[in-house]
>>> print(open('work20.csv').read())   # CSV, C-alpha atoms
chain,number,residue,atom,x,y,z
A,1,MET,CA,22.6,17.0,38.7
A,2,ALA,CA,22.9,18.6,35.3
A,3,ASN,CA,24.9,15.6,34.1
A,4,ASP,CA,22.2,13.2,35.4
A,5,ARG,CA,19.5,15.2,33.6
A,6,LEU,CA,21.4,15.1,30.4
A,7,ARG,CA,22.0,11.4,30.6
A,8,THR,CA,18.4,10.8,31.3
A,9,LEU,CA,17.3,13.0,28.5
A,10,LEU,CA,19.6,11.3,26.0
A,11,SER,CA,18.4,7.9,27.1
A,12,LEU,CA,14.8,8.9,26.7
A,13,LEU,CA,15.5,10.4,23.4
A,14,GLY,CA,17.1,7.2,22.0
A,15,VAL,CA,14.2,5.1,23.1
A,16,ALA,CA,11.7,7.6,21.8
A,17,VAL,CA,13.3,7.9,18.4
A,18,GLY,CA,13.5,4.1,18.1
A,19,VAL,CA,9.8,3.6,19.1
A,20,PHE,CA,8.9,6.6,16.8
A,21,SER,CA,10.5,4.9,13.8
A,22,ILE,CA,8.9,1.5,14.4
A,23,VAL,CA,5.4,2.9,15.2
A,24,ALA,CA,5.5,5.4,12.2
A,25,ALA,CA,6.5,2.6,9.8
A,26,LEU,CA,3.8,0.3,11.1
A,27,THR,CA,1.2,3.1,10.9
A,28,LEU,CA,2.1,3.9,7.3
A,29,VAL,CA,2.0,0.2,6.3
A,30,ASP,CA,-1.3,-0.4,8.1
A,31,ALA,CA,-2.9,2.6,6.4
A,32,LEU,CA,-1.7,1.5,3.0
A,33,GLN,CA,-2.8,-2.1,3.4
A,34,ARG,CA,-6.2,-1.0,4.7
A,35,THR,CA,-6.7,1.5,1.9
A,36,VAL,CA,-5.6,-0.9,-0.8
A,37,ARG,CA,-7.5,-3.9,0.5
A,38,GLU,CA,-10.7,-1.8,0.8
A,39,GLY,CA,-10.1,-0.6,-2.8
A,40,PHE,CA,-9.8,-4.2,-4.0
A,41,ALA,CA,-12.8,-5.2,-2.0
A,42,ALA,CA,-14.9,-2.5,-3.6
A,43,TYR,CA,-13.6,-3.1,-7.1
A,44,GLY,CA,-13.6,-6.9,-7.0
A,45,GLY,CA,-10.5,-9.1,-7.4
A,46,ASP,CA,-12.1,-11.4,-9.9
A,47,VAL,CA,-11.9,-9.1,-13.0
A,48,LEU,CA,-9.9,-10.7,-15.8
A,49,TYR,CA,-8.2,-8.5,-18.3
A,50,VAL,CA,-7.5,-9.6,-21.9
A,51,GLU,CA,-4.6,-7.3,-23.0
A,52,ARG,CA,-1.5,-7.2,-25.2
A,53,VAL,CA,1.2,-7.1,-22.5
A,54,PRO,CA,1.2,-9.1,-19.2
A,55,LEU,CA,1.2,-7.2,-15.9
A,56,GLU,CA,3.9,-9.5,-14.5
A,57,PRO,CA,7.3,-8.2,-15.6
A,58,ASP,CA,9.0,-10.4,-18.2
A,59,LEU,CA,12.7,-9.7,-17.7
A,60,SER,CA,15.7,-10.9,-19.6
A,61,GLU,CA,18.8,-12.2,-18.0
A,62,ASP,CA,20.1,-8.6,-17.8
A,63,GLY,CA,17.1,-7.5,-15.9
A,64,VAL,CA,15.6,-5.6,-18.9
A,65,PHE,CA,11.9,-5.9,-19.8
A,66,ARG,CA,11.6,-8.0,-23.0
A,67,TRP,CA,9.5,-5.4,-24.9
A,68,TRP,CA,10.6,-6.9,-28.2
A,69,ALA,CA,8.7,-10.0,-27.4
A,70,TYR,CA,5.4,-8.0,-27.3
A,71,ALA,CA,6.0,-5.2,-29.8
A,72,ALA,CA,4.6,-7.2,-32.7
A,73,ARG,CA,1.5,-8.3,-30.8
A,74,PRO,CA,-1.8,-6.8,-31.9
A,75,GLU,CA,-4.0,-4.9,-29.5
A,76,VAL,CA,-7.2,-6.6,-28.5
A,77,SER,CA,-10.1,-5.3,-30.5
A,78,TRP,CA,-13.7,-4.5,-30.1
A,79,ARG,CA,-14.5,-7.3,-32.5
A,80,GLU,CA,-12.8,-9.8,-30.3
A,81,TYR,CA,-14.8,-8.4,-27.3
A,82,ARG,CA,-18.0,-9.0,-29.3
A,83,TYR,CA,-16.8,-12.4,-30.3
A,84,LEU,CA,-16.3,-13.4,-26.7
A,85,LEU,CA,-19.8,-12.2,-25.9
A,86,SER,CA,-21.3,-13.9,-28.9
A,87,ARG,CA,-20.4,-17.3,-27.4
A,88,GLY,CA,-23.1,-16.7,-24.9
A,89,GLU,CA,-21.5,-18.7,-22.1
A,90,ALA,CA,-21.7,-17.7,-18.5
A,91,SER,CA,-18.1,-19.0,-18.1
A,92,VAL,CA,-17.0,-16.4,-20.6
A,93,ALA,CA,-19.0,-13.3,-19.9
A,94,GLY,CA,-19.2,-14.1,-16.1
A,95,SER,CA,-21.2,-11.5,-14.2
A,96,GLY,CA,-20.1,-8.5,-16.3
A,97,ALA,CA,-18.1,-7.6,-19.4
A,98,ALA,CA,-16.7,-4.4,-20.8
A,99,PHE,CA,-14.3,-3.1,-23.5
A,100,SER,CA,-11.9,-0.2,-22.9
A,101,SER,CA,-9.8,1.7,-25.3
A,102,ALA,CA,-7.6,4.8,-24.9
A,103,ALA,CA,-6.5,7.4,-27.4
A,104,TYR,CA,-4.1,10.2,-26.9
A,105,ALA,CA,-3.7,13.8,-28.1
A,106,ALA,CA,-3.7,13.2,-31.9
A,107,TYR,CA,-7.0,15.0,-31.9
A,108,GLY,CA,-6.9,16.7,-28.6
A,109,THR,CA,-7.2,15.7,-24.9
A,110,GLU,CA,-7.0,12.0,-24.0
A,111,ALA,CA,-10.2,10.1,-23.8
A,112,THR,CA,-11.0,6.6,-22.6
A,113,GLY,CA,-13.6,4.8,-24.5
A,114,VAL,CA,-15.8,2.1,-23.0
A,115,ASP,CA,-18.5,-0.3,-24.1
A,116,GLY,CA,-20.5,-2.6,-22.0
A,117,ASP,CA,-20.4,-2.4,-18.2
A,118,TRP,CA,-18.4,0.8,-17.6
A,119,ARG,CA,-18.5,0.1,-13.8
A,120,LEU,CA,-15.8,-2.6,-14.4
A,121,LEU,CA,-13.5,0.2,-15.6
A,122,VAL,CA,-14.4,2.9,-13.1
A,123,PRO,CA,-16.0,1.5,-9.9
A,124,GLN,CA,-16.3,5.0,-8.3
A,125,ALA,CA,-19.7,6.3,-7.4
A,126,LEU,CA,-21.1,9.4,-9.0
A,127,SER,CA,-21.3,12.7,-7.1
A,128,GLU,CA,-23.7,14.2,-9.7
A,129,GLY,CA,-25.4,13.3,-12.9
A,130,ARG,CA,-25.9,9.8,-14.2
A,131,GLY,CA,-24.1,7.0,-16.1
A,132,PHE,CA,-24.2,5.9,-19.7
A,133,THR,CA,-27.4,4.3,-21.0
A,134,PRO,CA,-27.1,1.1,-23.1
A,135,ARG,CA,-28.5,3.1,-26.1
A,136,GLU,CA,-25.8,5.8,-25.7
A,137,LEU,CA,-23.1,3.1,-25.7
A,138,GLU,CA,-24.7,1.3,-28.7
A,139,GLU,CA,-25.1,4.5,-30.8
A,140,GLY,CA,-21.8,6.1,-29.8
A,141,ALA,CA,-23.5,9.2,-28.4
A,142,ALA,CA,-21.3,12.3,-27.7
A,143,VAL,CA,-21.7,12.1,-23.9
A,144,ALA,CA,-19.0,11.9,-21.3
A,145,MET,CA,-18.4,11.0,-17.6
A,146,VAL,CA,-15.5,12.8,-16.0
A,147,GLY,CA,-13.5,12.5,-12.8
A,148,ALA,CA,-13.6,15.0,-9.9
A,149,GLY,CA,-10.3,16.5,-11.0
A,150,VAL,CA,-11.6,17.5,-14.5
A,151,ASP,CA,-12.9,21.1,-14.6
A,152,ALA,CA,-16.4,20.2,-15.8
A,153,SER,CA,-19.9,19.8,-14.4
A,154,VAL,CA,-23.0,18.1,-15.6
A,155,GLY,CA,-24.2,19.8,-18.8
A,156,ASP,CA,-20.9,21.4,-19.7
A,157,ALA,CA,-19.3,20.8,-23.1
A,158,LEU,CA,-16.0,18.9,-23.1
A,159,TRP,CA,-13.6,18.4,-26.0
A,160,ALA,CA,-11.7,15.1,-26.0
A,161,ASP,CA,-10.2,13.2,-28.9
A,162,GLY,CA,-11.4,15.9,-31.2
A,163,VAL,CA,-15.0,15.4,-30.3
A,164,ARG,CA,-17.3,17.8,-28.4
A,165,TYR,CA,-19.0,15.8,-25.7
A,166,ARG,CA,-21.7,16.7,-23.2
A,167,VAL,CA,-20.9,15.8,-19.6
A,168,VAL,CA,-23.7,13.7,-18.1
A,169,GLY,CA,-21.9,12.5,-14.9
A,170,VAL,CA,-19.1,13.4,-12.5
A,171,PHE,CA,-17.4,10.7,-10.3
A,172,GLU,CA,-16.7,11.3,-6.7
A,173,ARG,CA,-13.1,12.0,-5.7
A,174,ALA,CA,-11.3,8.7,-5.5
A,175,GLY,CA,-7.8,9.5,-4.0
A,176,MET,CA,-5.6,6.5,-3.4
A,177,GLY,CA,-8.4,4.2,-2.1
A,178,THR,CA,-9.9,3.2,-5.4
A,179,VAL,CA,-8.4,0.4,-7.4
A,180,SER,CA,-8.9,1.0,-11.1
A,181,PRO,CA,-6.9,0.6,-14.3
A,182,VAL,CA,-7.5,4.4,-15.1
A,183,ASP,CA,-6.9,7.6,-13.1
A,184,VAL,CA,-10.5,8.0,-11.8
A,185,ASP,CA,-10.0,11.6,-10.7
A,186,ASN,CA,-8.9,12.7,-14.1
A,187,VAL,CA,-10.7,10.3,-16.4
A,188,ARG,CA,-12.7,11.4,-19.4
A,189,LEU,CA,-14.9,8.4,-20.1
A,190,VAL,CA,-16.8,8.3,-23.4
A,191,PRO,CA,-18.5,5.6,-25.5
A,192,SER,CA,-15.9,3.8,-27.5
A,193,ARG,CA,-17.9,4.0,-30.7
A,194,ALA,CA,-17.8,7.8,-30.5
A,195,MET,CA,-14.0,8.0,-30.6
A,196,ARG,CA,-12.2,9.1,-33.7
A,197,SER,CA,-8.6,8.1,-32.9
A,198,PRO,CA,-7.4,4.5,-33.3
A,199,ALA,CA,-6.9,2.9,-29.9
A,200,LEU,CA,-3.3,3.1,-28.6
A,201,ARG,CA,-4.1,0.6,-25.9
A,202,SER,CA,-7.2,-1.5,-25.2
A,203,SER,CA,-8.5,-4.1,-22.8
A,204,ILE,CA,-11.4,-6.6,-22.5
A,205,LEU,CA,-12.7,-6.8,-18.9
A,206,LEU,CA,-14.5,-9.9,-17.8
A,207,SER,CA,-15.8,-10.2,-14.2
A,208,GLY,CA,-16.1,-13.8,-12.9
A,209,ALA,CA,-15.0,-15.4,-16.1
A,210,ASP,CA,-13.3,-18.7,-16.5
A,211,GLU,CA,-9.7,-18.0,-17.5
A,212,GLY,CA,-9.2,-21.3,-19.3
A,213,ARG,CA,-12.3,-20.9,-21.4
A,214,VAL,CA,-11.4,-17.3,-22.2
A,215,ARG,CA,-7.9,-18.3,-23.3
A,216,ALA,CA,-9.3,-21.0,-25.6
A,217,ILE,CA,-11.8,-18.7,-27.3
A,218,MET,CA,-9.2,-16.0,-27.8
A,219,ARG,CA,-6.8,-18.5,-29.4
A,220,GLU,CA,-9.7,-19.6,-31.6
A,221,SER,CA,-10.5,-16.0,-32.5
A,222,ARG,CA,-6.9,-15.3,-33.5
A,223,ARG,CA,-6.5,-18.7,-35.3
A,224,LEU,CA,-3.5,-19.8,-33.3
A,225,GLY,CA,-2.2,-23.4,-33.9
A,226,PRO,CA,-1.6,-25.9,-31.1
A,227,LEU,CA,2.1,-25.2,-31.1
A,228,GLN,CA,1.9,-21.4,-31.3
A,229,ASP,CA,2.3,-19.3,-28.1
A,230,ASP,CA,-0.5,-16.9,-27.0
A,231,ASN,CA,-0.1,-13.5,-28.6
A,232,PHE,CA,-2.3,-11.9,-25.8
A,233,ALA,CA,-2.1,-11.8,-22.0
A,234,LEU,CA,-4.6,-12.6,-19.3
A,235,ASN,CA,-4.1,-10.4,-16.3
A,236,ARG,CA,-5.6,-10.0,-12.9
A,237,LEU,CA,-5.1,-7.0,-10.6
A,238,SER,CA,-4.6,-9.4,-7.7
A,239,PHE,CA,-1.0,-9.7,-8.9
A,240,LEU,CA,-0.5,-6.0,-8.1
A,241,LEU,CA,-1.9,-6.7,-4.6
A,242,GLU,CA,0.7,-9.4,-4.0
A,243,GLU,CA,3.5,-7.2,-5.2
A,244,LEU,CA,2.3,-4.3,-3.1
A,245,THR,CA,2.1,-6.5,0.0
A,246,GLU,CA,5.8,-7.4,-0.5
A,247,VAL,CA,6.7,-3.8,-0.9
A,248,LEU,CA,4.8,-2.8,2.3
A,249,ALA,CA,6.5,-5.7,4.2
A,250,MET,CA,9.9,-4.3,3.1
A,251,VAL,CA,8.9,-0.8,4.4
A,252,ALA,CA,8.0,-2.3,7.7
A,253,ARG,CA,11.3,-4.1,7.9
A,254,VAL,CA,13.2,-0.9,7.2
A,255,GLY,CA,11.3,0.8,10.0
A,256,TRP,CA,12.2,-2.0,12.4
A,257,ILE,CA,15.9,-1.8,11.3
A,258,VAL,CA,16.1,2.0,11.8
A,259,GLY,CA,14.2,1.7,15.1
A,260,ALA,CA,16.5,-1.1,16.2
A,261,PHE,CA,19.6,1.1,15.9
A,262,ALA,CA,18.0,4.0,17.7
A,263,LEU,CA,16.8,1.6,20.4
A,264,LEU,CA,20.2,0.1,20.8
A,265,VAL,CA,21.6,3.6,21.5
A,266,GLY,CA,18.8,4.2,24.0
A,267,GLY,CA,19.3,0.8,25.6
A,268,PHE,CA,23.0,1.5,26.2
A,269,GLY,CA,21.9,4.9,27.7
A,270,VAL,CA,19.5,3.1,30.1
A,271,ALA,CA,22.3,0.7,31.1
A,272,ASN,CA,24.7,3.5,31.6
A,273,MET,CA,22.2,5.4,33.8
A,274,LEU,CA,21.7,2.4,36.0
A,275,TYR,CA,25.5,1.8,36.4
A,276,VAL,CA,25.9,5.4,37.5
A,277,SER,CA,23.0,5.0,39.8
A,278,VAL,CA,24.5,1.9,41.4
A,279,GLU,CA,27.8,3.8,42.0
A,280,GLU,CA,26.0,6.7,43.6
A,281,ARG,CA,23.8,4.5,45.8
A,282,LYS,CA,26.4,2.1,47.0
A,283,VAL,CA,25.8,3.1,50.7
A,284,GLN,CA,22.1,2.7,50.4
A,285,ILE,CA,22.5,-0.7,48.8
A,286,GLY,CA,24.9,-1.8,51.5
A,287,ILE,CA,22.5,-0.8,54.3
A,288,CYS,CA,19.7,-2.6,52.6
A,289,ARG,CA,21.8,-5.7,52.3
A,290,ALA,CA,23.0,-5.5,55.9
A,291,LEU,CA,19.4,-5.2,57.1
A,292,GLY,CA,18.6,-8.5,55.3
A,293,ALA,CA,17.4,-7.5,51.9
A,294,ARG,CA,17.8,-10.3,49.4
A,295,ARG,CA,19.6,-10.0,46.2
A,296,ARG,CA,16.4,-10.6,44.4
A,297,VAL,CA,14.9,-7.4,46.0
A,298,ILE,CA,17.8,-5.3,44.8
A,299,VAL,CA,17.6,-6.8,41.3
A,300,LEU,CA,13.9,-6.1,41.0
A,301,GLN,CA,14.3,-2.5,42.3
A,302,PHE,CA,16.8,-1.6,39.6
A,303,LEU,CA,14.9,-3.5,36.9
A,304,ARG,CA,11.8,-1.5,37.8
A,305,GLU,CA,13.8,1.7,37.3
A,306,ALA,CA,15.1,0.5,33.9
A,307,VAL,CA,11.6,-0.5,32.7
A,308,ALA,CA,10.1,2.8,33.9
A,309,LEU,CA,12.7,4.8,32.1
A,310,SER,CA,12.4,2.8,28.9
A,311,PHE,CA,8.6,2.8,29.1
A,312,ALA,CA,8.7,6.6,29.5
A,313,GLY,CA,10.8,6.8,26.3
A,314,GLY,CA,8.2,4.6,24.5
A,315,VAL,CA,5.3,6.8,25.6
A,316,ALA,CA,7.3,9.8,24.3
A,317,GLY,CA,7.8,8.1,21.0
A,318,LEU,CA,4.1,7.4,20.6
A,319,ALA,CA,3.4,11.0,21.5
A,320,LEU,CA,5.8,12.1,18.7
A,321,VAL,CA,3.9,9.9,16.2
A,322,GLN,CA,0.5,11.3,17.3
A,323,LEU,CA,1.8,14.9,17.1
A,324,SER,CA,3.2,14.2,13.6
A,325,LEU,CA,-0.2,12.8,12.4
A,326,LEU,CA,-2.0,15.9,13.8
A,327,ALA,CA,0.5,18.1,12.0
A,328,VAL,CA,-0.1,16.3,8.7
A,329,ALA,CA,-3.8,16.4,9.2
A,330,ALA,CA,-3.7,20.2,9.9
A,331,ALA,CA,-1.6,20.8,6.8
A,332,GLY,CA,-4.5,19.8,4.6
A,333,GLU,CA,-6.1,16.9,2.8
A,334,THR,CA,-4.1,13.6,3.1
A,335,LEU,CA,-4.0,10.8,0.6
A,336,LEU,CA,-4.3,8.2,3.4
A,337,PRO,CA,-6.4,8.0,6.5
A,338,LEU,CA,-3.4,7.8,9.0
A,339,THR,CA,-4.3,6.5,12.5
A,340,VAL,CA,-2.1,4.8,15.0
A,341,SER,CA,-3.3,1.2,15.0
A,342,PRO,CA,-3.5,-1.0,18.2
A,343,ARG,CA,-0.9,-3.2,16.6
A,344,ALA,CA,1.6,-0.3,16.3
A,345,VAL,CA,0.9,0.8,19.9
A,346,THR,CA,1.4,-2.7,21.2
A,347,ALA,CA,4.6,-3.1,19.2
A,348,GLY,CA,6.0,0.2,20.4
A,349,LEU,CA,5.3,-0.2,24.1
A,350,GLY,CA,6.2,-3.9,24.0
A,351,VAL,CA,9.6,-3.1,22.5
A,352,SER,CA,10.3,-0.4,25.0
A,353,LEU,CA,9.4,-2.7,28.0
A,354,ALA,CA,11.6,-5.5,26.5
A,355,LEU,CA,14.4,-3.0,26.1
A,356,GLY,CA,14.3,-1.9,29.7
A,357,LEU,CA,14.4,-5.5,30.9
A,358,ALA,CA,17.2,-6.5,28.5
A,359,PHE,CA,19.5,-3.5,29.3
A,360,GLY,CA,18.6,-3.4,33.0
A,361,VAL,CA,19.6,-6.9,34.0
A,362,SER,CA,23.4,-6.4,34.0
A,363,PRO,CA,23.5,-3.3,36.2
A,364,ALA,CA,20.8,-4.7,38.5
A,365,ARG,CA,22.8,-7.9,39.0
A,366,ALA,CA,25.9,-5.9,39.6
A,367,ALA,CA,24.1,-3.9,42.4
A,368,SER,CA,22.8,-7.2,44.0
A,369,ARG,CA,26.3,-8.6,44.1
A,370,LEU,CA,27.8,-5.8,46.2
A,371,HIS,CA,29.2,-6.9,49.6
A,372,PRO,CA,27.3,-5.1,52.3
A,373,VAL,CA,30.5,-4.0,54.2
A,374,GLU,CA,32.3,-2.9,51.1
A,375,ALA,CA,29.3,-1.1,49.8
A,376,MET,CA,28.8,0.9,53.1
A,377,ARG,CA,32.5,1.8,53.1
A,378,GLY,CA,32.0,3.3,49.6
>>> encode(input="work20.csv", output="structure tokens")
Amino acid sequence: MANDRLRTLLSLLGVAVGVFSIVAALTLVDALQRTVREGFAAYGGDVLYVERVPLEPDLSEDGVFRWWAYAARPEVSWREYRYLLSRGEASVAGSGAAFSSAAYAAYGTEATGVDGDWRLLVPQALSEGRGFTPRELEEGAAVAMVGAGVDASVGDALWADGVRYRVVGVFERAGMGTVSPVDVDNVRLVPSRAMRSPALRSSILLSGADEGRVRAIMRESRRLGPLQDDNFALNRLSFLLEELTEVLAMVARVGWIVGAFALLVGGFGVANMLYVSVEERKVQIGICRALGARRRVIVLQFLREAVALSFAGGVAGLALVQLSLLAVAAAGETLLPLTVSPRAVTAGLGVSLALGLAFGVSPARAASRLHPVEAMRG
């Protein structure tokens, strides 16, 4: 009896670990995809960035980023931003435009300067205070908007880039859900005309703009000839979404592979349990066959046992996932809203049922092939 319990426990454990691996991987992938897609939906996937370096990696034959091809490129400037807007075309300005520049600690704490529609740079809502007014941006007023991770409130003084700013707004905490080119929780957003340091990196943000038209005007602004390559890059964050989707798909595949090995062990355990059960119940099988039970009845009986055992392991695996999520939630604030999706539940239980059927067929057929007389002698 002790051996039977141990075999049953090991079989259940193998199935449970396999289902746990698969469901946990699918839960993580679903949470990441949901969070990122919601962030892109809130931010807008049509924002075009005019920058110095492309987002898509430009690798050499040795797999090294070709930084030397972009080192001599000039940063995009505020004058180019104003030149784009001066064209006065809807295909260029689109539904919104902004200029962003960042300076580091040459004069103190890093600041991110902005001109135009600052919501293109930081789409997060405000928890207190207000945003910049057009006059403050135009005059370069010493005002700032900060992220929730910055130790400052509305009305406080904030030193950044060697300038004393007055905080007028605080953004809500963003976490991982918000898609933005800056760290929203730790940003110090100021009017770009108030900054002292030269920009170490800068971008022009255009929402709903025509990429071909923007490229033509930028080439015109930089006086590039027909045979000269662009010395600027046009980027869209949708590229990052595509890359992230591939990474998440790889995470799901790893979960399936790890789960498959554990399920294989559990499946052999289920088959072993049934073979032992067939040996121990030979007399009963022989009596049933002698009384006229068809082979199909014997097969279905053992298949039901295999499916029940495997299904119990699947339920145990789902319970382990749910307990893990509760433990993570109890530990404190989580970066992702982790919940077991219907897709993950269906996959976990479906795999456990298929496992029981696959590994229960052979011992069930072996039981149905026993000769009644020989079985009763056993």
>>> closest_residue(input="work20.csv", among="A:Leu264, A:Asp30, A:Gly18, A:Leu126", to="Ser341 of chain A", atoms="only C-alpha atoms")
A:Asp30
>>> residues_around(input="work20.csv", residues="Glu110 of chain A", least_positions_apart="4", cutoff="12 Å", atoms="only C-alpha atoms", output="PyMOL selection string")
chain A and resi 101-106+146+150+158-163+182-183+186-190+195-201
>>> atom_distance(input="work20.csv", atom1="atom CA of Val254 of chain A", atom2="atom CA of Leu13 of chain A")
19.9 Å
>>> residues_around(input="work20.csv", residues="Ala194 of chain A", least_positions_apart="2", cutoff="9 Å", atoms="all atoms listed in the file", output="PyMOL selection string")
chain A and resi 113+137+139-143+163+190-192+196
>>> atom_distance(input="work20.csv", atom1="atom CA of Val64 of chain A", atom2="atom CA of Asp230 of chain A")
21.3 Å
>>> atom_distance(input="work20.csv", atom1="atom CA of Leu325 of chain A", atom2="atom CA of Thr339 of chain A")
7.5 Å
>>> closest_residue(input="work20.csv", among="A:Val345, A:Leu323, A:Ala152, A:Val53", to="Ala72 of chain A", atoms="all atoms listed in the file")
A:Val53
>>> residues_near_point(input="work20.csv", point="(0.6, -2.3, 15.7)", cutoff="10 Å", atoms="all atoms listed in the file", output="list of chain:residue names")
A:Ile22, A:Val23, A:Ala24, A:Ala25, A:Leu26, A:Thr27, A:Val29, A:Asp30, A:Val340, A:Ser341, A:Pro342, A:Arg343, A:Ala344, A:Val345, A:Thr346, A:Ala347, A:Gly348, A:Leu349
>>> closest_residue(input="work20.csv", among="A:Ala306, A:Ala271, A:Leu326, A:Ala367", to="Leu353 of chain A", atoms="all atoms listed in the file")
A:Ala306
>>> residues_around(input="work20.csv", residues="Arg173 of chain A", least_positions_apart="4", cutoff="9 Å", atoms="all atoms listed in the file", output="list in words")
Gln124, Ala125, Ser127, Gly147, Ala148, Gly149, Val184 and Asp185 of chain A
>>> write_last_selection(input="work20.csv", atoms="C-alpha atoms", output="PDB file, in the coordinates of the input")
ATOM      1  CA  GLN A 124     -16.300   5.000  -8.300  1.00  0.00           C
ATOM      2  CA  ALA A 125     -19.700   6.300  -7.400  1.00  0.00           C
ATOM      3  CA  SER A 127     -21.300  12.700  -7.100  1.00  0.00           C
ATOM      4  CA  GLY A 147     -13.500  12.500 -12.800  1.00  0.00           C
ATOM      5  CA  ALA A 148     -13.600  15.000  -9.900  1.00  0.00           C
ATOM      6  CA  GLY A 149     -10.300  16.500 -11.000  1.00  0.00           C
ATOM      7  CA  VAL A 184     -10.500   8.000 -11.800  1.00  0.00           C
ATOM      8  CA  ASP A 185     -10.000  11.600 -10.700  1.00  0.00           C
TER       9      ASP A 185
END
>>> residues_around(input="work20.csv", residues="Ala316 of chain A", least_positions_apart="3", cutoff="6 Å", atoms="all atoms listed in the file", output="list of chain:residue names")
A:Ala16, A:Gly313, A:Ala319
>>> closest_residue(input="work20.csv", among="A:Ser153, A:Asp229, A:Leu120, A:Arg219", to="Asp46 of chain A", atoms="only C-alpha atoms")
A:Leu120
>>> closest_residue(input="work20.csv", among="A:Ala174, A:Glu80, A:Ala366, A:Asp117", to="Arg223 of chain A", atoms="only C-alpha atoms")
A:Glu80
>>> decode(input="work20.csv", residues="segment 226-276 of chain A", atoms="C-alpha atoms", output="short mmCIF file (atom, residue, chain, number, x, y, z; two decimals), in the first residue's frame")
data_model
loop_
_atom_site.label_atom_id
_atom_site.label_comp_id
_atom_site.auth_asym_id
_atom_site.auth_seq_id
_atom_site.Cartn_x
_atom_site.Cartn_y
_atom_site.Cartn_z
CA PRO A 226 20.13 63.13 -53.91
CA LEU A 227 23.00 60.64 -53.61
CA GLN A 228 23.68 61.26 -49.93
CA ASP A 229 22.30 58.93 -47.27
CA ASP A 230 20.09 60.19 -44.45
CA ASN A 231 22.07 61.41 -41.44
CA PHE A 232 19.04 61.05 -39.17
CA ALA A 233 16.67 58.22 -38.25
CA LEU A 234 12.87 57.94 -38.29
CA ASN A 235 11.71 55.59 -35.54
CA ARG A 236 8.42 54.22 -34.32
CA LEU A 237 7.90 52.41 -31.01
CA SER A 238 5.83 49.78 -32.84
CA PHE A 239 9.19 48.19 -33.69
CA LEU A 240 9.71 47.55 -29.96
CA LEU A 241 6.26 45.96 -29.75
CA GLU A 242 7.17 43.52 -32.53
CA GLU A 243 10.48 42.66 -30.86
CA LEU A 244 8.81 42.20 -27.49
CA THR A 245 6.17 39.94 -29.02
CA GLU A 246 8.94 37.67 -30.32
CA VAL A 247 10.61 37.59 -26.90
CA LEU A 248 7.33 36.70 -25.18
CA ALA A 249 6.71 33.94 -27.70
CA MET A 250 10.14 32.54 -26.85
CA VAL A 251 9.29 32.63 -23.12
CA ALA A 252 6.10 30.70 -23.83
CA ARG A 253 8.05 28.12 -25.84
CA VAL A 254 10.52 27.65 -22.99
CA GLY A 255 7.62 27.09 -20.61
CA TRP A 256 6.16 24.47 -22.93
CA ILE A 257 9.52 22.72 -23.28
CA VAL A 258 10.14 22.58 -19.51
CA GLY A 259 6.56 21.48 -18.96
CA ALA A 260 6.86 18.80 -21.64
CA PHE A 261 9.79 17.12 -19.86
CA ALA A 262 7.95 17.15 -16.54
CA LEU A 263 4.80 15.85 -18.21
CA LEU A 264 6.79 13.08 -19.86
CA VAL A 265 7.95 11.91 -16.43
CA GLY A 266 4.41 12.16 -15.11
CA GLY A 267 3.05 10.30 -18.13
CA PHE A 268 5.42 7.38 -17.61
CA GLY A 269 4.37 7.39 -13.97
CA VAL A 270 0.71 7.15 -14.96
CA ALA A 271 1.47 4.28 -17.36
CA ASN A 272 3.49 2.47 -14.71
CA MET A 273 0.65 2.86 -12.21
CA LEU A 274 -1.80 1.30 -14.65
CA TYR A 275 0.50 -1.61 -15.52
CA VAL A 276 0.85 -2.38 -11.81
#
